[in-house]
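Visitor: Below is start_37.txt; it holds compact mmCIF, C-alpha atoms and all ligand atoms.
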```txt
# COMPACT_ATOMS: atom_id res chain seq x y z
CA MET A 1 9.17 18.59 12.56
CA GLU A 2 7.44 18.75 9.15
CA ARG A 3 9.85 16.71 7.03
CA LEU A 4 7.42 16.64 4.08
CA ALA A 5 6.44 20.33 3.97
CA GLY A 6 5.69 21.35 0.36
CA LYS A 7 5.45 17.73 -0.83
CA THR A 8 2.45 16.00 -2.36
CA ALA A 9 1.51 12.32 -2.19
CA VAL A 10 -0.97 9.79 -3.57
CA VAL A 11 -1.78 6.86 -1.27
CA THR A 12 -3.99 4.18 -2.82
CA GLY A 13 -6.30 2.53 -0.29
CA GLY A 14 -5.74 5.40 2.12
CA SER A 15 -9.10 5.10 3.89
CA SER A 16 -8.30 2.18 6.17
CA GLY A 17 -5.52 0.34 7.96
CA ILE A 18 -1.94 0.83 6.82
CA GLY A 19 -2.80 3.25 3.98
CA ARG A 20 -4.78 5.51 6.28
CA ALA A 21 -1.98 5.53 8.88
CA ILE A 22 0.53 6.44 6.13
CA ALA A 23 -1.71 9.21 4.75
CA GLN A 24 -2.26 10.66 8.23
CA ARG A 25 1.45 10.51 9.04
CA PHE A 26 2.48 12.17 5.74
CA ALA A 27 -0.11 14.91 6.34
CA ARG A 28 1.22 15.48 9.88
CA GLU A 29 4.70 15.80 8.33
CA GLY A 30 3.36 18.63 6.13
CA ALA A 31 2.46 16.88 2.85
CA ARG A 32 -0.78 17.30 0.91
CA VAL A 33 -2.15 13.79 0.41
CA LEU A 34 -4.67 12.33 -2.03
CA ILE A 35 -6.21 9.02 -0.91
CA VAL A 36 -8.23 6.56 -2.99
CA GLY A 37 -10.75 3.83 -2.17
CA ARG A 38 -14.07 2.40 -3.36
CA LYS A 39 -16.24 3.42 -0.38
CA GLU A 40 -16.81 7.14 0.05
CA GLN A 41 -17.65 7.29 3.76
CA PRO A 42 -14.28 6.17 5.18
CA LEU A 43 -12.52 8.41 2.66
CA GLN A 44 -14.68 11.33 3.73
CA GLU A 45 -14.03 10.67 7.44
CA THR A 46 -10.27 10.44 6.90
CA ALA A 47 -10.23 13.67 4.86
CA ALA A 48 -12.50 15.49 7.35
CA ALA A 49 -10.02 14.81 10.16
CA ASP A 50 -7.11 16.53 8.37
CA GLY A 51 -7.38 19.45 5.94
CA ARG A 52 -4.26 18.28 4.09
CA ILE A 53 -5.99 15.05 3.01
CA SER A 54 -8.42 14.89 0.06
CA TYR A 55 -9.80 11.91 -1.81
CA VAL A 56 -10.91 10.30 -5.06
CA VAL A 57 -13.56 7.55 -4.99
CA GLY A 58 -12.74 4.69 -7.32
CA ASP A 59 -11.74 1.10 -7.88
CA MET A 60 -7.99 0.85 -8.52
CA THR A 61 -8.51 -2.05 -10.93
CA ARG A 62 -10.30 0.30 -13.35
CA ASP A 63 -8.24 2.37 -15.77
CA ASP A 64 -10.61 5.34 -15.50
CA THR A 65 -9.86 5.55 -11.73
CA VAL A 66 -6.16 5.94 -12.43
CA GLU A 67 -6.95 8.66 -14.98
CA ARG A 68 -9.18 10.49 -12.47
CA ILE A 69 -6.40 10.33 -9.86
CA MET A 70 -3.97 11.96 -12.28
CA ASP A 71 -6.61 14.62 -13.16
CA ALA A 72 -7.00 15.34 -9.43
CA VAL A 73 -3.21 15.66 -9.04
CA GLN A 74 -3.27 18.26 -11.83
CA ASP A 75 -6.24 20.18 -10.35
CA ARG A 76 -5.38 20.04 -6.66
CA PHE A 77 -1.58 19.88 -6.65
CA GLY A 78 -0.89 21.87 -9.84
CA GLY A 79 0.64 18.78 -11.44
CA GLN A 80 3.22 18.29 -8.67
CA LEU A 81 3.63 14.72 -7.43
CA ASP A 82 6.49 13.78 -5.10
CA ILE A 83 5.34 10.50 -3.54
CA LEU A 84 3.30 7.49 -4.69
CA VAL A 85 2.34 4.76 -2.23
CA ASN A 86 0.89 1.69 -3.97
CA ASN A 87 -0.90 0.37 -0.90
CA ALA A 88 -4.39 -0.92 -1.86
CA GLY A 89 -4.32 -4.72 -1.73
CA TRP A 90 -6.46 -7.81 -1.27
CA CYS A 91 -5.59 -11.21 0.18
CA PRO A 92 -7.62 -14.22 -1.00
CA VAL A 93 -7.32 -17.16 1.43
CA GLN A 94 -7.97 -20.41 -0.46
CA PRO A 95 -6.10 -23.60 -1.40
CA ILE A 96 -5.47 -24.25 -5.11
CA THR A 97 -8.07 -27.03 -4.92
CA GLU A 98 -10.76 -24.37 -4.38
CA LEU A 99 -9.43 -21.44 -6.41
CA THR A 100 -11.12 -20.27 -9.58
CA ILE A 101 -9.48 -18.22 -12.30
CA ARG A 102 -11.74 -15.37 -11.18
CA ASP A 103 -9.91 -15.37 -7.80
CA TYR A 104 -6.63 -15.10 -9.69
CA ASP A 105 -8.00 -12.18 -11.76
CA ARG A 106 -9.29 -10.37 -8.68
CA ALA A 107 -6.01 -10.72 -6.74
CA PHE A 108 -3.68 -9.90 -9.62
CA ASP A 109 -5.83 -7.05 -10.99
CA LEU A 110 -5.47 -5.19 -7.68
CA ASP A 111 -2.22 -6.46 -6.15
CA VAL A 112 -0.21 -6.38 -9.40
CA ARG A 113 -1.92 -4.73 -12.39
CA ALA A 114 -3.13 -1.66 -10.48
CA VAL A 115 0.38 -1.13 -9.05
CA VAL A 116 1.86 -1.16 -12.55
CA SER A 117 -0.88 1.01 -14.04
CA MET A 118 -0.72 3.63 -11.27
CA THR A 119 3.07 3.76 -11.47
CA ILE A 120 3.16 4.15 -15.28
CA HIS A 121 0.63 7.00 -15.14
CA ALA A 122 2.33 8.80 -12.23
CA LEU A 123 5.88 8.40 -13.52
CA PRO A 124 6.20 11.55 -15.67
CA LEU A 125 5.32 13.75 -12.66
CA LEU A 126 7.36 11.67 -10.20
CA ARG A 127 10.45 11.88 -12.44
CA LYS A 128 10.04 15.64 -12.75
CA ALA A 129 9.94 15.90 -8.95
CA LYS A 130 12.78 13.36 -8.42
CA GLY A 131 10.21 11.61 -6.27
CA ASN A 132 9.65 8.42 -4.36
CA ILE A 133 7.60 5.25 -4.74
CA ILE A 134 6.71 2.88 -1.92
CA ASN A 135 5.06 -0.44 -2.79
CA LEU A 136 3.32 -2.48 -0.10
CA SER A 137 4.52 -6.08 -0.14
CA SER A 138 4.12 -8.67 2.62
CA VAL A 139 6.30 -11.00 4.68
CA GLY A 140 4.42 -13.68 2.68
CA ALA A 141 6.41 -12.79 -0.46
CA THR A 142 9.44 -14.56 1.01
CA HIS A 143 7.91 -16.65 3.84
CA ARG A 144 5.19 -18.60 2.13
CA ALA A 145 2.09 -20.07 3.78
CA ALA A 146 -0.56 -22.55 2.63
CA ASN A 147 -3.80 -21.10 1.19
CA LEU A 148 -2.14 -17.83 0.17
CA SER A 149 -0.72 -18.73 -3.25
CA MET A 150 -2.37 -15.86 -5.17
CA TYR A 151 -1.36 -13.28 -2.56
CA VAL A 152 2.24 -14.35 -2.04
CA GLY A 153 2.70 -14.74 -5.82
CA ALA A 154 1.40 -11.21 -6.36
CA LYS A 155 3.57 -9.73 -3.60
CA ALA A 156 6.68 -11.53 -4.90
CA ALA A 157 6.04 -9.78 -8.22
CA VAL A 158 5.68 -6.43 -6.42
CA GLU A 159 9.02 -6.91 -4.63
CA ASN A 160 10.79 -7.64 -7.92
CA PHE A 161 9.12 -4.68 -9.64
CA THR A 162 10.44 -2.56 -6.78
CA ARG A 163 14.03 -3.67 -7.29
CA VAL A 164 13.99 -3.35 -11.09
CA TRP A 165 12.22 0.04 -11.08
CA ALA A 166 14.81 1.25 -8.54
CA LEU A 167 17.57 0.27 -11.01
CA GLU A 168 15.77 1.92 -13.92
CA LEU A 169 14.95 5.18 -12.12
CA ALA A 170 18.03 5.79 -9.98
CA GLN A 171 19.66 7.90 -12.72
CA ASP A 172 16.59 10.17 -12.62
CA GLY A 173 17.16 10.84 -8.92
CA MET A 174 14.11 8.75 -7.99
CA ARG A 175 13.94 6.17 -5.21
CA VAL A 176 11.71 3.07 -5.18
CA ASN A 177 11.33 0.93 -2.07
CA ALA A 178 8.92 -1.62 -0.64
CA ILE A 179 7.64 -2.32 2.84
CA ALA A 180 6.87 -5.92 3.76
CA PRO A 181 4.63 -5.95 6.83
CA GLY A 182 3.96 -9.03 8.90
CA ALA A 183 0.57 -9.17 10.59
CA ALA A 184 -0.82 -5.66 11.17
CA ARG A 185 -4.14 -5.07 12.91
CA THR A 186 -6.41 -3.93 10.03
CA ASN A 187 -9.64 -4.86 8.24
CA ILE A 188 -7.73 -7.23 5.97
CA TRP A 189 -8.03 -9.75 8.83
CA ASN A 190 -11.84 -9.60 8.92
CA VAL A 191 -13.04 -13.02 7.79
CA PRO A 192 -16.82 -12.73 7.30
CA SER A 193 -17.31 -16.50 7.67
CA LEU A 194 -15.81 -16.51 11.23
CA SER A 195 -17.69 -15.51 14.39
CA PRO A 196 -15.99 -12.70 16.40
CA GLU A 197 -14.81 -15.31 18.94
CA ASP A 198 -13.33 -17.60 16.26
CA ALA A 199 -11.73 -14.60 14.52
CA GLN A 200 -10.11 -13.58 17.82
CA ARG A 201 -8.86 -17.13 18.43
CA HIS A 202 -7.44 -17.23 14.89
CA GLN A 203 -5.62 -13.92 15.41
CA ASP A 204 -4.35 -14.94 18.88
CA GLY A 205 -2.88 -18.08 17.29
CA ILE A 206 -1.09 -15.99 14.67
CA ALA A 207 0.20 -13.50 17.28
CA ALA A 208 1.62 -16.37 19.33
CA GLY A 209 3.79 -17.35 16.34
CA ILE A 210 5.26 -13.85 15.88
CA PRO A 211 8.59 -13.32 17.71
CA CYS A 212 7.32 -9.98 19.13
CA GLY A 213 4.16 -11.82 20.24
CA ARG A 214 1.66 -9.33 18.79
CA PHE A 215 0.25 -7.76 15.65
CA ALA A 216 1.68 -4.42 14.46
CA ALA A 217 -0.30 -1.21 14.80
CA PRO A 218 -0.72 0.38 11.32
CA GLU A 219 1.19 3.40 12.67
CA GLU A 220 4.28 1.20 13.11
CA ILE A 221 4.25 0.59 9.34
CA ALA A 222 3.64 4.30 8.69
CA ASN A 223 6.74 5.19 10.75
CA VAL A 224 8.90 3.30 8.26
CA ALA A 225 7.07 4.80 5.27
CA ALA A 226 7.71 8.32 6.63
CA PHE A 227 11.42 7.50 6.96
CA LEU A 228 11.66 6.02 3.45
CA VAL A 229 10.18 9.08 1.71
CA SER A 230 12.22 11.53 3.79
CA ASP A 231 15.66 12.91 2.94
CA GLU A 232 17.06 10.79 5.79
CA ALA A 233 16.65 7.82 3.40
CA SER A 234 18.34 9.64 0.50
CA TYR A 235 20.66 6.67 -0.23
CA VAL A 236 17.98 3.97 0.20
CA THR A 237 16.52 2.55 -3.02
CA GLY A 238 15.59 -0.92 -4.25
CA ALA A 239 15.14 -2.02 -0.63
CA VAL A 240 12.39 -4.16 0.85
CA TYR A 241 11.92 -3.18 4.49
CA ALA A 242 10.53 -5.93 6.71
CA VAL A 243 8.25 -4.53 9.42
CA ASP A 244 7.12 -7.84 10.81
CA GLY A 245 7.96 -8.18 14.50
CA GLY A 246 10.74 -10.64 13.60
CA SER A 247 8.58 -13.07 11.56
CA GLY A 248 10.94 -12.87 8.58
CA ALA A 249 13.84 -13.95 10.78
CA LEU A 250 12.22 -17.31 11.61
N1 LIG B 301 -2.62 -5.91 7.51
C1 LIG B 301 -1.68 -6.82 7.33
O1 LIG B 301 -1.48 -7.71 8.17
C2 LIG B 301 -0.82 -6.79 6.10
C3 LIG B 301 0.30 -7.62 6.05
C4 LIG B 301 1.11 -7.61 4.93
C5 LIG B 301 0.83 -6.76 3.88
N2 LIG B 301 -0.26 -5.96 3.94
C6 LIG B 301 -0.53 -5.09 2.78
O2 LIG B 301 -0.75 -3.77 3.20
C7 LIG B 301 -1.64 -3.11 2.29
C8 LIG B 301 -2.78 -2.46 3.08
O3 LIG B 301 -3.50 -3.48 3.73
P1 LIG B 301 -4.40 -3.21 5.01
O4 LIG B 301 -4.18 -4.35 5.94
O5 LIG B 301 -4.21 -1.82 5.51
O6 LIG B 301 -5.86 -3.40 4.37
P2 LIG B 301 -7.27 -2.73 4.70
O7 LIG B 301 -7.35 -2.22 6.09
O8 LIG B 301 -8.26 -3.76 4.25
O9 LIG B 301 -7.31 -1.47 3.72
C9 LIG B 301 -7.36 -1.65 2.34
C10 LIG B 301 -7.53 -0.28 1.70
O10 LIG B 301 -7.50 -0.47 0.27
C11 LIG B 301 -8.73 -0.01 -0.28
N3 LIG B 301 -9.07 -0.90 -1.39
C12 LIG B 301 -9.27 -2.22 -1.38
N4 LIG B 301 -9.58 -2.66 -2.61
C13 LIG B 301 -9.56 -1.57 -3.42
C14 LIG B 301 -9.80 -1.36 -4.80
N5 LIG B 301 -10.12 -2.37 -5.62
N6 LIG B 301 -9.70 -0.11 -5.30
C15 LIG B 301 -9.39 0.93 -4.48
N7 LIG B 301 -9.13 0.79 -3.17
C16 LIG B 301 -9.22 -0.45 -2.65
C17 LIG B 301 -9.74 -0.09 0.86
O11 LIG B 301 -10.84 0.80 0.70
P3 LIG B 301 -12.24 0.30 0.01
O12 LIG B 301 -12.54 -1.04 0.61
O13 LIG B 301 -13.23 1.37 0.33
O14 LIG B 301 -11.94 0.22 -1.46
C18 LIG B 301 -8.86 0.38 2.02
O15 LIG B 301 -8.70 1.77 2.00
C19 LIG B 301 -2.10 -4.18 1.29
O16 LIG B 301 -1.35 -4.09 0.12
C20 LIG B 301 -1.80 -5.47 2.01
O17 LIG B 301 -1.59 -6.56 1.13
C21 LIG B 301 -1.10 -5.95 5.02
```
Reformat the file's structure so that it appears as structure tokens.
Ligand SMILES: NC(=O)c1ccc[n+]([C@@H]2O[C@H](COP(=O)([O-])OP(=O)(O)OC[C@H]3O[C@@H](n4cnc5c(N)ncnc54)[C@H](OP(=O)(O)O)[C@@H]3O)[C@@H](O)[C@H]2O)c1

Guide:
Amino acid sequence: MERLAGKTAVVTGGSSGIGRAIAQRFAREGARVLIVGRKEQPLQETAAADGRISYVVGDMTRDDTVERIMDAVQDRFGGQLDILVNNAGWCPVQPITELTIRDYDRAFDLDVRAVVSMTIHALPLLRKAKGNIINLSSVGATHRAANLSMYVGAKAAVENFTRVWALELAQDGMRVNAIAPGAARTNIWNVPSLSPEDAQRHQDGIAAGIPCGRFAAPEEIANVAAFLVSDEASYVTGAVYAVDGGSGAL
């Protein structure tokens, strides 16, 4: 069933991992989807596999990227925007003893500032469409871990933006929700300094601590995103959906 027939969506970071799975799922449900990332090849490959997906190349931390996305929404979707998924994110792994203020800037520019900037720019069209926003948070926003202070701080901000924007936009018929994944099998887990064997051992250790005993497939996050933007979730707003294999229950 095409639950999103006639709808349009922007998914930031839609060329890999969770964002790509969400873009592909929305397209299969009938939506036209615009994805954004810095590297053109993965964007091109994702768009080539589904005629409903097109892309903009750009860095979400730059204001001109956000402006080009909104220009593309005008050109390709005739100014109709029903769904925004603020998905692009980055996770620095460092203790405070090693962090520099540049690490803070890099994490907060993408994980926080770009979310706010994209939302402000998209809002006039989203309000007109009585649309939907999904922000990608993380189980880390509420279940903290050492070496992740910048990331969990940024995601805690995103969860609170979600709740407050839901309050502010409910009267407009808009819904704003967040998804908080646990560990999902994506490139975010690639640690260049680790050998493939050490990286596997690291991930096996993490999987052993998850109640379900495994990482999520990105498609398992996309299933929840597809529900949240559908009419079946018409009374769901200001919610943070944990999709974490039970980690948040620990
Ligand atoms: N995977 C997990 O275990 C997990 C858990 C909790 C939360 N999350 C959250 O889920 C979201 C997606 O993560 P993921 O695991 O799917 O990551 P991923 O596989 O690394 O994908 C990240 C996507 O964002 C794009 N991106 C990164 N930096 C960008 C920038 N500055 N400007 C534009 N695009 C940018 C990447 O494309 P380019 O590199 O080409 O720019 C890619 O398309 C993030 O917000 C993350 O914090 C993930």

Visitor: Quick one: residues within 10 Å of Leu250 (chain A), all atoms listed in the file, excluding same-chain residues fewer than 6 positions away - as a PyMOL selection string?

Guide: chain A and resi 143+209-211

Visitor: Report, in Å to a single decimal, how far apart CA of Gly30 (chain A) and atom O9 of ligand LIG 301 (chain B) are.

Guide: 22.9 Å

Visitor: Could you name the residues that touch region 95-101 of chain A at 7 Å or less, counting all atoms listed in the file, but leaving out those on the same chain fewer than 4 positions away, as a PDB file with C-alpha atoms, in the frame of the given file?

Guide:
```pdb
ATOM      1  CA  ASP A 105      -8.000 -12.180 -11.760  1.00  0.00           C
ATOM      2  CA  ALA A 146      -0.560 -22.550   2.630  1.00  0.00           C
ATOM      3  CA  ASN A 147      -3.800 -21.100   1.190  1.00  0.00           C
TER       4      ASN A 147
END
```

Visitor: Nearest to ligand LIG 301 (chain B) among A:Glu67, A:Asp111, A:Glu45, A:Asp172, with distances taken over only C-alpha atoms and all ligand atoms: which residue is it?

Guide: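 Nearest candidate to ligand LIG 301 (chain B) out of A:Glu67, A:Asp111, A:Glu45, A:Asp172: A:Asp111.
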
Visitor: Let me have the centre and edge lengths of the axis-aligned box enclosing all listed atoms of ligand LIG 301 (chain B) with 3 Å padding on every side, in Å to one decimal, as lines of an AutoDock Vina configuration file.

Guide:
```
center_x = -6.1
center_y = -3.0
center_z = 1.3
size_x = 20.3
size_y = 15.5
size_z = 19.8
```

Visitor: Counting all atoms listed in the file, which residue out of A:Ala141, A:Ala249, A:Leu125, A:Leu4 sits closest to ligand LIG 301 (chain B)?

Guide: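 Nearest candidate to ligand LIG 301 (chain B) out of A:Ala141, A:Ala249, A:Leu125, A:Leu4: A:Ala141.
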
Visitor: Give me, please, the distance in Å between CA of Ala49 (chain A) and CA of Gly37 (chain A), quoted to one decimal.

Guide: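 Spanning CA of Ala49 (chain A) to CA of Gly37 (chain A) is a straight-line distance of 16.5 Å.
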
Visitor: Dump the neighbourhood of ligand LIG 301 (chain B) as a PyMOL selection string: all residues within 7 Å, distances computed on all atoms listed in the file.

Guide: chain A and resi 12-20+36-40+42+58-61+87-91+110-111+136-139+180-189

Visitor: Using only C-alpha atoms for the distances, tell me which of A:Ser247, A:Ser117, A:Thr46, A:Gln41 is nearest to Ala27 (chain A).

Guide: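 Closest candidate: A:Thr46.
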
Visitor: Please compute the CA of Val115 (chain A)-CA of Ala226 (chain A) distance, one decimal, in Å.

Guide: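 Calculated distance between CA of Val115 (chain A) and CA of Ala226 (chain A) is 19.7 Å.
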
Visitor: Taking only C-alpha atoms into account, name the residue in A:Phe215, A:Tyr55, A:Tyr235, A:Trp165 that is nearest to Ala23 (chain A).

Guide: A:Tyr55

Visitor: Need the shell around Met118 (chain A): protein/DNA/RNA residues with any atom at most 10 Å away, counting only C-alpha atoms. Skip same-chain ones fewer than 2 positions apart. Format as a list of chain:residue names?

Guide: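 Those residues are A:Val10, A:Thr12, A:Met60, A:Thr61, A:Asp63, A:Thr65, A:Val66, A:Glu67, A:Ile69, A:Met70, A:Leu84, A:Val85, A:Asn86, A:Arg113, A:Ala114, A:Val115, A:Val116, A:Ile120, A:His121, A:Ala122, A:Leu123.
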
Visitor: Considering all atoms listed in the file, can you say which of A:Ala166, A:Val57, A:Ala157, A:Val152 comes closest to Val112 (chain A)?

Guide: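 Among the listed residues, A:Ala157 lies closest to Val112 (chain A).
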
Visitor: Let me make sure I understand: among A:Glu2, A:Ser149, A:Ala199, A:Ala233, which one has the smallest atom-to-atom distance to Val93 (chain A) if we use all atoms listed in the file?

Guide: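 Ranking A:Glu2, A:Ser149, A:Ala199, A:Ala233 by distance to Val93 (chain A), first place goes to A:Ser149.
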
Visitor: Env of Tyr151 (chain A): 7 Å cut, atoms = only C-alpha atoms, seq-sep filter 4 positions within chain, self excluded. Answer as a list of chain:residue names.

Guide: A:Cys91, A:Pro92, A:Ala107, A:Lys155

Visitor: Around the point (-5.2, 13.1, 1.8) (coordinates from the file), which residues reach within 7 Å if we count all atoms listed in the file? Answer as an MDAnalysis selection string.

Guide: chainID A and resid 23 32:35 47 52:55
